[in-house]
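As stored in structure-v9.pdb (PDB, C-alpha atoms):
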ATOM      1  CA  LEU X   1      31.255 -86.018 -28.134  1.00  0.00           C
ATOM      2  CA  VAL X   2      28.348 -88.409 -27.607  1.00  0.00           C
ATOM      3  CA  PRO X   3      25.705 -85.832 -26.572  1.00  0.00           C
ATOM      4  CA  ALA X   4      26.956 -83.411 -29.227  1.00  0.00           C
ATOM      5  CA  GLY X   5      26.592 -86.085 -31.901  1.00  0.00           C
ATOM      6  CA  GLN X   6      23.131 -87.027 -30.681  1.00  0.00           C
ATOM      7  CA  SER X   7      22.105 -83.362 -30.746  1.00  0.00           C
ATOM      8  CA  VAL X   8      23.239 -83.036 -34.366  1.00  0.00           C
ATOM      9  CA  ILE X   9      21.367 -86.219 -35.317  1.00  0.00           C
ATOM     10  CA  GLY X  10      18.229 -84.944 -33.613  1.00  0.00           C
ATOM     11  CA  GLN X  11      18.372 -81.586 -35.380  1.00  0.00           C
ATOM     12  CA  ILE X  12      18.923 -83.114 -38.814  1.00  0.00           C
ATOM     13  CA  ALA X  13      16.370 -85.935 -38.474  1.00  0.00           C
ATOM     14  CA  GLY X  14      13.550 -83.882 -37.017  1.00  0.00           C
ATOM     15  CA  PRO X  15      10.819 -85.141 -34.660  1.00  0.00           C
ATOM     16  CA  SER X  16       9.096 -87.337 -37.248  1.00  0.00           C
ATOM     17  CA  ARG X  17      12.193 -89.416 -38.083  1.00  0.00           C
ATOM     18  CA  LEU X  18      14.026 -89.214 -34.768  1.00  0.00           C
ATOM     19  CA  GLY X  19      13.036 -92.674 -33.513  1.00  0.00           C
ATOM     20  CA  ARG X  20      14.022 -94.453 -36.712  1.00  0.00           C
ATOM     21  CA  VAL X  21      17.312 -92.572 -37.066  1.00  0.00           C
ATOM     22  CA  MET X  22      18.332 -93.152 -33.445  1.00  0.00           C
ATOM     23  CA  SER X  23      17.499 -96.857 -33.777  1.00  0.00           C
ATOM     24  CA  THR X  24      19.687 -97.055 -36.871  1.00  0.00           C
ATOM     25  CA  ALA X  25      22.534 -95.278 -35.071  1.00  0.00           C
ATOM     26  CA  GLY X  26      22.062 -97.691 -32.166  1.00  0.00           C
ATOM     27  CA  LEU X  27      22.892-100.621 -34.456  1.00  0.00           C
ATOM     28  CA  ALA X  28      26.563 -99.821 -34.001  1.00  0.00           C
ATOM     29  CA  VAL X  29      26.163-100.152 -30.236  1.00  0.00           C
ATOM     30  CA  VAL X  30      24.394-103.470 -30.737  1.00  0.00           C
ATOM     31  CA  VAL X  31      26.721-104.983 -33.336  1.00  0.00           C
ATOM     32  CA  ALA X  32      30.100-103.767 -32.042  1.00  0.00           C
ATOM     33  CA  PRO X  33      30.264-105.830 -28.812  1.00  0.00           C
ATOM     34  CA  ALA X  34      29.310-108.979 -30.721  1.00  0.00           C
ATOM     35  CA  ILE X  35      31.792-108.778 -33.611  1.00  0.00           C
ATOM     36  CA  GLY X  36      34.467-106.493 -32.117  1.00  0.00           C
ATOM     37  CA  PRO X  37      36.533-109.074 -30.176  1.00  0.00           C
ATOM     38  CA  THR X  38      36.484-111.617 -33.001  1.00  0.00           C
ATOM     39  CA  LEU X  39      37.326-109.040 -35.667  1.00  0.00           C
ATOM     40  CA  GLY X  40      40.092-107.641 -33.439  1.00  0.00           C
ATOM     41  CA  GLY X  41      41.577-111.113 -32.985  1.00  0.00           C
ATOM     42  CA  LEU X  42      41.441-111.700 -36.740  1.00  0.00           C
ATOM     43  CA  LEU X  43      43.211-108.403 -37.456  1.00  0.00           C
ATOM     44  CA  ILE X  44      45.984-109.108 -34.943  1.00  0.00           C
ATOM     45  CA  ASP X  45      46.512-112.673 -36.181  1.00  0.00           C
ATOM     46  CA  SER X  46      46.427-111.746 -39.876  1.00  0.00           C
ATOM     47  CA  LEU X  47      48.071-108.316 -39.851  1.00  0.00           C
ATOM     48  CA  SER X  48      49.316-106.675 -36.635  1.00  0.00           C
ATOM     49  CA  TRP X  49      48.014-104.874 -33.547  1.00  0.00           C
ATOM     50  CA  ARG X  50      48.589-101.562 -35.317  1.00  0.00           C
ATOM     51  CA  TRP X  51      45.615-102.271 -37.570  1.00  0.00           C
ATOM     52  CA  LEU X  52      43.337-101.964 -34.552  1.00  0.00           C
ATOM     53  CA  PHE X  53      44.073 -98.245 -34.900  1.00  0.00           C
ATOM     54  CA  LEU X  54      44.776 -97.937 -38.630  1.00  0.00           C
ATOM     55  CA  ILE X  55      41.383 -99.384 -39.546  1.00  0.00           C
ATOM     56  CA  ASN X  56      39.805 -96.228 -38.108  1.00  0.00           C
ATOM     57  CA  LEU X  57      41.495 -94.000 -40.699  1.00  0.00           C
ATOM     58  CA  PRO X  58      39.418 -94.993 -43.767  1.00  0.00           C
ATOM     59  CA  ILE X  59      36.241 -95.190 -41.654  1.00  0.00           C
ATOM     60  CA  GLY X  60      36.904 -91.730 -40.211  1.00  0.00           C
ATOM     61  CA  LEU X  61      37.661 -90.331 -43.673  1.00  0.00           C
ATOM     62  CA  ILE X  62      34.373 -91.702 -45.045  1.00  0.00           C
ATOM     63  CA  ALA X  63      32.485 -90.240 -42.077  1.00  0.00           C
ATOM     64  CA  LEU X  64      34.171 -86.867 -42.596  1.00  0.00           C
ATOM     65  CA  VAL X  65      33.255 -86.778 -46.298  1.00  0.00           C
ATOM     66  CA  LEU X  66      29.652 -87.811 -45.594  1.00  0.00           C
ATOM     67  CA  GLY X  67      29.434 -85.215 -42.822  1.00  0.00           C
ATOM     68  CA  PHE X  68      30.459 -82.410 -45.158  1.00  0.00           C
ATOM     69  CA  ARG X  69      28.098 -83.779 -47.794  1.00  0.00           C
ATOM     70  CA  PHE X  70      24.913 -84.279 -45.777  1.00  0.00           C
ATOM     71  CA  LEU X  71      25.136 -82.181 -42.594  1.00  0.00           C
ATOM     72  CA  PRO X  72      24.047 -78.580 -43.190  1.00  0.00           C
ATOM     73  CA  LEU X  73      26.179 -75.833 -41.689  1.00  0.00           C
ATOM     74  CA  GLU X  74      23.553 -73.937 -39.746  1.00  0.00           C
ATOM     75  CA  GLY X  75      22.620 -73.058 -36.201  1.00  0.00           C
ATOM     76  CA  GLY X  76      23.604 -69.425 -35.689  1.00  0.00           C
ATOM     77  CA  ALA X  77      26.866 -67.550 -35.446  1.00  0.00           C
ATOM     78  CA  ARG X  78      30.069 -69.543 -35.601  1.00  0.00           C
ATOM     79  CA  THR X  79      32.621 -69.382 -32.831  1.00  0.00           C
ATOM     80  CA  PRO X  80      36.360 -69.837 -33.393  1.00  0.00           C
ATOM     81  CA  LEU X  81      37.846 -73.216 -32.560  1.00  0.00           C
ATOM     82  CA  ASP X  82      39.944 -73.310 -29.415  1.00  0.00           C
ATOM     83  CA  VAL X  83      43.030 -74.608 -31.230  1.00  0.00           C
ATOM     84  CA  ARG X  84      45.345 -74.117 -28.252  1.00  0.00           C
ATOM     85  CA  GLY X  85      43.023 -75.985 -25.908  1.00  0.00           C
ATOM     86  CA  LEU X  86      42.516 -78.776 -28.430  1.00  0.00           C
ATOM     87  CA  ALA X  87      46.280 -79.157 -28.848  1.00  0.00           C
ATOM     88  CA  LEU X  88      46.913 -79.210 -25.092  1.00  0.00           C
ATOM     89  CA  LEU X  89      44.222 -81.833 -24.419  1.00  0.00           C
ATOM     90  CA  GLY X  90      45.245 -83.817 -27.508  1.00  0.00           C
ATOM     91  CA  VAL X  91      48.766 -84.101 -26.121  1.00  0.00           C
ATOM     92  CA  GLY X  92      48.065 -84.166 -22.378  1.00  0.00           C
ATOM     93  CA  ILE X  93      45.455 -86.918 -22.118  1.00  0.00           C
ATOM     94  CA  PRO X  94      47.292 -89.538 -24.257  1.00  0.00           C
ATOM     95  CA  ALA X  95      50.646 -88.741 -22.627  1.00  0.00           C
ATOM     96  CA  LEU X  96      49.226 -88.997 -19.114  1.00  0.00           C
ATOM     97  CA  SER X  97      47.333 -92.206 -19.943  1.00  0.00           C
ATOM     98  CA  TYR X  98      50.436 -93.794 -21.467  1.00  0.00           C
ATOM     99  CA  GLY X  99      52.584 -92.804 -18.491  1.00  0.00           C
ATOM    100  CA  ILE X 100      50.105 -94.228 -15.961  1.00  0.00           C
ATOM    101  CA  ILE X 101      49.743 -97.503 -17.880  1.00  0.00           C
ATOM    102  CA  GLU X 102      53.494 -97.983 -18.328  1.00  0.00           C
ATOM    103  CA  ALA X 103      54.203 -97.028 -14.717  1.00  0.00           C
ATOM    104  CA  GLY X 104      52.096 -99.995 -13.603  1.00  0.00           C
ATOM    105  CA  ALA X 105      53.848-102.443 -15.920  1.00  0.00           C
ATOM    106  CA  PRO X 106      56.567-104.767 -14.557  1.00  0.00           C
ATOM    107  CA  GLY X 107      59.810-102.827 -14.400  1.00  0.00           C
ATOM    108  CA  GLY X 108      58.086 -99.560 -15.246  1.00  0.00           C
ATOM    109  CA  GLY X 109      57.640 -96.423 -13.249  1.00  0.00           C
ATOM    110  CA  HIS X 110      61.303 -95.415 -13.023  1.00  0.00           C
ATOM    111  CA  THR X 111      62.275 -95.189 -16.667  1.00  0.00           C
ATOM    112  CA  ALA X 112      62.966 -91.850 -18.283  1.00  0.00           C
ATOM    113  CA  GLN X 113      60.280 -92.479 -20.904  1.00  0.00           C
ATOM    114  CA  VAL X 114      57.546 -92.976 -18.305  1.00  0.00           C
ATOM    115  CA  ILE X 115      58.637 -89.981 -16.245  1.00  0.00           C
ATOM    116  CA  ALA X 116      58.783 -87.789 -19.355  1.00  0.00           C
ATOM    117  CA  SER X 117      55.335 -88.942 -20.472  1.00  0.00           C
ATOM    118  CA  LEU X 118      53.814 -88.228 -17.062  1.00  0.00           C
ATOM    119  CA  ALA X 119      55.493 -84.828 -16.905  1.00  0.00           C
ATOM    120  CA  VAL X 120      54.304 -83.836 -20.376  1.00  0.00           C
ATOM    121  CA  GLY X 121      50.777 -85.073 -19.660  1.00  0.00           C
ATOM    122  CA  VAL X 122      50.453 -83.208 -16.368  1.00  0.00           C
ATOM    123  CA  ALA X 123      52.004 -80.047 -17.800  1.00  0.00           C
ATOM    124  CA  ALA X 124      49.691 -80.054 -20.824  1.00  0.00           C
ATOM    125  CA  ILE X 125      46.544 -80.616 -18.737  1.00  0.00           C
ATOM    126  CA  VAL X 126      47.531 -77.896 -16.265  1.00  0.00           C
ATOM    127  CA  GLY X 127      48.225 -75.686 -19.260  1.00  0.00           C
ATOM    128  CA  TYR X 128      44.736 -76.381 -20.558  1.00  0.00           C
ATOM    129  CA  VAL X 129      43.166 -75.483 -17.207  1.00  0.00           C
ATOM    130  CA  LEU X 130      44.956 -72.127 -17.289  1.00  0.00           C
ATOM    131  CA  SER X 131      44.209 -71.610 -20.980  1.00  0.00           C
ATOM    132  CA  SER X 132      40.482 -72.393 -20.633  1.00  0.00           C
ATOM    133  CA  ARG X 133      40.070 -69.528 -18.185  1.00  0.00           C
ATOM    134  CA  ARG X 134      41.247 -67.058 -20.816  1.00  0.00           C
ATOM    135  CA  SER X 135      39.388 -68.593 -23.766  1.00  0.00           C
ATOM    136  CA  ALA X 136      35.946 -67.279 -24.681  1.00  0.00           C
ATOM    137  CA  GLU X 137      34.857 -70.677 -26.080  1.00  0.00           C
ATOM    138  CA  PRO X 138      37.036 -73.451 -24.591  1.00  0.00           C
ATOM    139  CA  ILE X 139      36.783 -77.057 -25.789  1.00  0.00           C
ATOM    140  CA  LEU X 140      35.464 -77.981 -22.339  1.00  0.00           C
ATOM    141  CA  SER X 141      34.366 -75.238 -19.993  1.00  0.00           C
ATOM    142  CA  LEU X 142      35.527 -76.253 -16.530  1.00  0.00           C
ATOM    143  CA  THR X 143      32.972 -73.887 -14.995  1.00  0.00           C
ATOM    144  CA  LEU X 144      30.354 -76.536 -15.861  1.00  0.00           C
ATOM    145  CA  PHE X 145      31.593 -78.571 -12.914  1.00  0.00           C
ATOM    146  CA  LYS X 146      30.314 -75.874 -10.581  1.00  0.00           C
ATOM    147  CA  ASN X 147      26.856 -77.189 -11.427  1.00  0.00           C
ATOM    148  CA  ARG X 148      26.123 -79.988  -8.937  1.00  0.00           C
ATOM    149  CA  VAL X 149      23.938 -81.926 -11.367  1.00  0.00           C
ATOM    150  CA  TYR X 150      26.608 -81.836 -14.086  1.00  0.00           C
ATOM    151  CA  ALA X 151      29.361 -82.791 -11.638  1.00  0.00           C
ATOM    152  CA  ALA X 152      27.305 -85.669 -10.213  1.00  0.00           C
ATOM    153  CA  ALA X 153      26.558 -86.923 -13.731  1.00  0.00           C
ATOM    154  CA  GLY X 154      30.269 -86.820 -14.548  1.00  0.00           C
ATOM    155  CA  VAL X 155      31.144 -88.870 -11.470  1.00  0.00           C
ATOM    156  CA  ALA X 156      28.376 -91.375 -12.267  1.00  0.00           C
ATOM    157  CA  VAL X 157      29.595 -91.768 -15.848  1.00  0.00           C
ATOM    158  CA  PHE X 158      33.162 -92.288 -14.589  1.00  0.00           C
ATOM    159  CA  PHE X 159      32.244 -95.177 -12.293  1.00  0.00           C
ATOM    160  CA  THR X 160      29.791 -96.631 -14.817  1.00  0.00           C
ATOM    161  CA  GLY X 161      32.518 -96.669 -17.449  1.00  0.00           C
ATOM    162  CA  ALA X 162      34.931 -98.301 -15.011  1.00  0.00           C
ATOM    163  CA  GLY X 163      32.394-101.021 -14.272  1.00  0.00           C
ATOM    164  CA  LEU X 164      31.458-101.625 -17.903  1.00  0.00           C
ATOM    165  CA  PHE X 165      34.888-101.460 -19.514  1.00  0.00           C
ATOM    166  CA  GLY X 166      36.896-102.942 -16.666  1.00  0.00           C
ATOM    167  CA  GLY X 167      35.713-106.415 -17.584  1.00  0.00           C
ATOM    168  CA  VAL X 168      36.410-105.790 -21.264  1.00  0.00           C
ATOM    169  CA  ILE X 169      40.043-105.040 -20.367  1.00  0.00           C
ATOM    170  CA  ILE X 170      40.532-107.800 -17.785  1.00  0.00           C
ATOM    171  CA  LEU X 171      38.900-110.726 -19.625  1.00  0.00           C
ATOM    172  CA  PRO X 172      41.283-110.739 -22.642  1.00  0.00           C
ATOM    173  CA  LEU X 173      44.256-110.612 -20.253  1.00  0.00           C
ATOM    174  CA  TYR X 174      42.796-113.498 -18.259  1.00  0.00           C
ATOM    175  CA  PHE X 175      42.285-115.683 -21.326  1.00  0.00           C
ATOM    176  CA  GLN X 176      45.663-114.926 -22.904  1.00  0.00           C
ATOM    177  CA  VAL X 177      48.008-114.595 -19.918  1.00  0.00           C
ATOM    178  CA  LEU X 178      46.541-117.045 -17.401  1.00  0.00           C
ATOM    179  CA  ARG X 179      44.792-119.520 -19.692  1.00  0.00           C
ATOM    180  CA  GLY X 180      47.273-119.348 -22.571  1.00  0.00           C
ATOM    181  CA  HIS X 181      44.730-118.879 -25.367  1.00  0.00           C
ATOM    182  CA  SER X 182      45.656-117.286 -28.672  1.00  0.00           C
ATOM    183  CA  VAL X 183      44.354-113.889 -29.726  1.00  0.00           C
ATOM    184  CA  MET X 184      41.831-115.438 -32.106  1.00  0.00           C
ATOM    185  CA  ASP X 185      40.622-117.952 -29.511  1.00  0.00           C
ATOM    186  CA  THR X 186      40.204-115.115 -27.032  1.00  0.00           C
ATOM    187  CA  GLY X 187      38.081-113.205 -29.529  1.00  0.00           C
ATOM    188  CA  LEU X 188      35.837-116.218 -30.044  1.00  0.00           C
ATOM    189  CA  LEU X 189      35.512-116.752 -26.274  1.00  0.00           C
ATOM    190  CA  LEU X 190      34.476-113.117 -25.860  1.00  0.00           C
ATOM    191  CA  LEU X 191      31.866-113.501 -28.593  1.00  0.00           C
ATOM    192  CA  SER X 192      29.300-114.781 -26.089  1.00  0.00           C
ATOM    193  CA  PHE X 193      30.038-111.823 -23.806  1.00  0.00           C
ATOM    194  CA  GLY X 194      29.482-109.415 -26.699  1.00  0.00           C
ATOM    195  CA  ALA X 195      26.379-111.258 -27.873  1.00  0.00           C
ATOM    196  CA  GLY X 196      24.810-110.866 -24.424  1.00  0.00           C
ATOM    197  CA  THR X 197      25.560-107.152 -24.478  1.00  0.00           C
ATOM    198  CA  ALA X 198      24.116-106.887 -27.983  1.00  0.00           C
ATOM    199  CA  LEU X 199      20.882-108.613 -26.961  1.00  0.00           C
ATOM    200  CA  THR X 200      20.568-106.311 -23.955  1.00  0.00           C
ATOM    201  CA  MET X 201      21.096-103.186 -26.065  1.00  0.00           C
ATOM    202  CA  LEU X 202      18.662-104.470 -28.689  1.00  0.00           C
ATOM    203  CA  SER X 203      15.963-104.893 -26.066  1.00  0.00           C
ATOM    204  CA  LEU X 204      16.614-101.378 -24.763  1.00  0.00           C
ATOM    205  CA  ILE X 205      16.247 -99.891 -28.231  1.00  0.00           C
ATOM    206  CA  HIS X 206      12.780-101.391 -28.591  1.00  0.00           C
ATOM    207  CA  ILE X 207      11.605-100.161 -25.176  1.00  0.00           C
TER     208      ILE X 207
END
Translate this structure into structure tokens?
Amino acid sequence: LVPAGQSVIGQIAGPSRLGRVMSTAGLAVVVAPAIGPTLGGLLIDSLSWRWLFLINLPIGLIALVLGFRFLPLEGGARTPLDVRGLALLGVGIPALSYGIIEAGAPGGGHTAQVIASLAVGVAAIVGYVLSSRRSAEPILSLTLFKNRVYAAAGVAVFFTGAGLFGGVIILPLYFQVLRGHSVMDTGLLLLSFGAGTALTMLSLIHI
């Protein structure tokens, strides 16, 4: 999704405006780590944890409307959407992720809900692997992994993401479970962490 979005931005902006447009798009990367934890704590304290997900609905709707309004539909012949592959991945990845997370929770791993989630996730992903071989334009062509450069980049991104986001997951648990801080206090404590990330990203944008 990220390289596809950047490709669309590059095509629409053109060479003369590419630097300015990419810098503007990079503002989200700069601002999000700084205000995300505090805003998340405020949402949970004031509303509920469900709003961490529901808040994306109006933002996504606005983005969809603006996309149809400003992005031209061009670039050659259209290919049909791999609806079956999209459905299998859309079910398989969340189900597998949920099953793995719940299996590691205290008392988890043997409940019928966890077993069912793992089974559905594995079955859907295996189904996608089989389906992608028969699809002319799959959502993700698994033959790309035959390319050593692409496969190495995928492995590098995996471990980079684990290193970057592992701390983001562990630190809130540390503050709330071990230190006993509230959700809002945890968000404020993580503000310095996000501000450091924002300053780093801001310096990279100007390089």
Find the residues with any atom within 12 Å of (47.9, -74.5, -20.8); use only C-alpha atoms and the coordinates as given in the file, and write the answer as a ChimeraX atom specification.
/X:82-92,120-135,138
How many Å separate atom CA of Leu43 of chain X from atom CA of Asn56 of chain X?
12.7 Å
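Pairwise distance (atom CA of Phe53 of chain X, atom CA of Gly40 of chain X) equals 10.3 Å.
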Give the padded box for segment 111-124 of chain X as lines of an AutoDock Vina configuration file: axis-aligned, covering all atoms listed in the file, 5 Å on each side, centre and edge lengths in Å to one decimal.
center_x = 56.3
center_y = -87.6
center_z = -18.6
size_x = 23.3
size_y = 25.1
size_z = 14.7
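The gap separating atom CA of Val183 of chain X from atom CA of Ser48 of chain X is 11.2 Å, in Å to one decimal.
Comparing the minimum interatomic distances between Gly67 of chain X and each of X:Leu164, X:Leu188, X:Ile12, X:Ala105, counting all atoms listed in the file, we find that X:Ile12 sits nearest.
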Neighbouring residues of Ala119 of chain X were defined as those with any atom within 9 Å, considering all atoms listed in the file; residues of the same chain fewer than 5 positions away were excluded. Please report them as a ChimeraX atom specification.
/X:95-96,99,114,124
Have a look at X:Gln113, X:Ser46, X:Asn147, X:Phe165 and name the one nearest to Ile100 of chain X; count only C-alpha atoms.
X:Gln113
Who sits within 10 Å of Gln6 of chain X, only C-alpha atoms, same chain under 5 positions skipped, as number ranges by chain
X: 1, 11-12, 22, 25
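Within 10 Å of Leu171 of chain X, once all atoms listed in the file are used and residues closer than 5 positions along the same chain are dropped, the contacting residues are Gly166, Gln176, Val177, Thr186, Leu189, Leu190 and Phe193 of chain X.
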For the provided coordinates, the residues matched by the PyMOL selection byres ((chain X and resi 37) around 9) should be stated as number ranges by chain.
X: 32-36, 38-42, 184, 186-191, 194
May I have the residues from that selection written out with C-alpha atoms, as a PDB file, keeping the file's coordinate frame?
ATOM      1  CA  ALA X  32      30.100-103.767 -32.042  1.00  0.00           C
ATOM      2  CA  PRO X  33      30.264-105.830 -28.812  1.00  0.00           C
ATOM      3  CA  ALA X  34      29.310-108.979 -30.721  1.00  0.00           C
ATOM      4  CA  ILE X  35      31.792-108.778 -33.611  1.00  0.00           C
ATOM      5  CA  GLY X  36      34.467-106.493 -32.117  1.00  0.00           C
ATOM      6  CA  THR X  38      36.484-111.617 -33.001  1.00  0.00           C
ATOM      7  CA  LEU X  39      37.326-109.040 -35.667  1.00  0.00           C
ATOM      8  CA  GLY X  40      40.092-107.641 -33.439  1.00  0.00           C
ATOM      9  CA  GLY X  41      41.577-111.113 -32.985  1.00  0.00           C
ATOM     10  CA  LEU X  42      41.441-111.700 -36.740  1.00  0.00           C
ATOM     11  CA  MET X 184      41.831-115.438 -32.106  1.00  0.00           C
ATOM     12  CA  THR X 186      40.204-115.115 -27.032  1.00  0.00           C
ATOM     13  CA  GLY X 187      38.081-113.205 -29.529  1.00  0.00           C
ATOM     14  CA  LEU X 188      35.837-116.218 -30.044  1.00  0.00           C
ATOM     15  CA  LEU X 189      35.512-116.752 -26.274  1.00  0.00           C
ATOM     16  CA  LEU X 190      34.476-113.117 -25.860  1.00  0.00           C
ATOM     17  CA  LEU X 191      31.866-113.501 -28.593  1.00  0.00           C
ATOM     18  CA  GLY X 194      29.482-109.415 -26.699  1.00  0.00           C
TER      19      GLY X 194
END
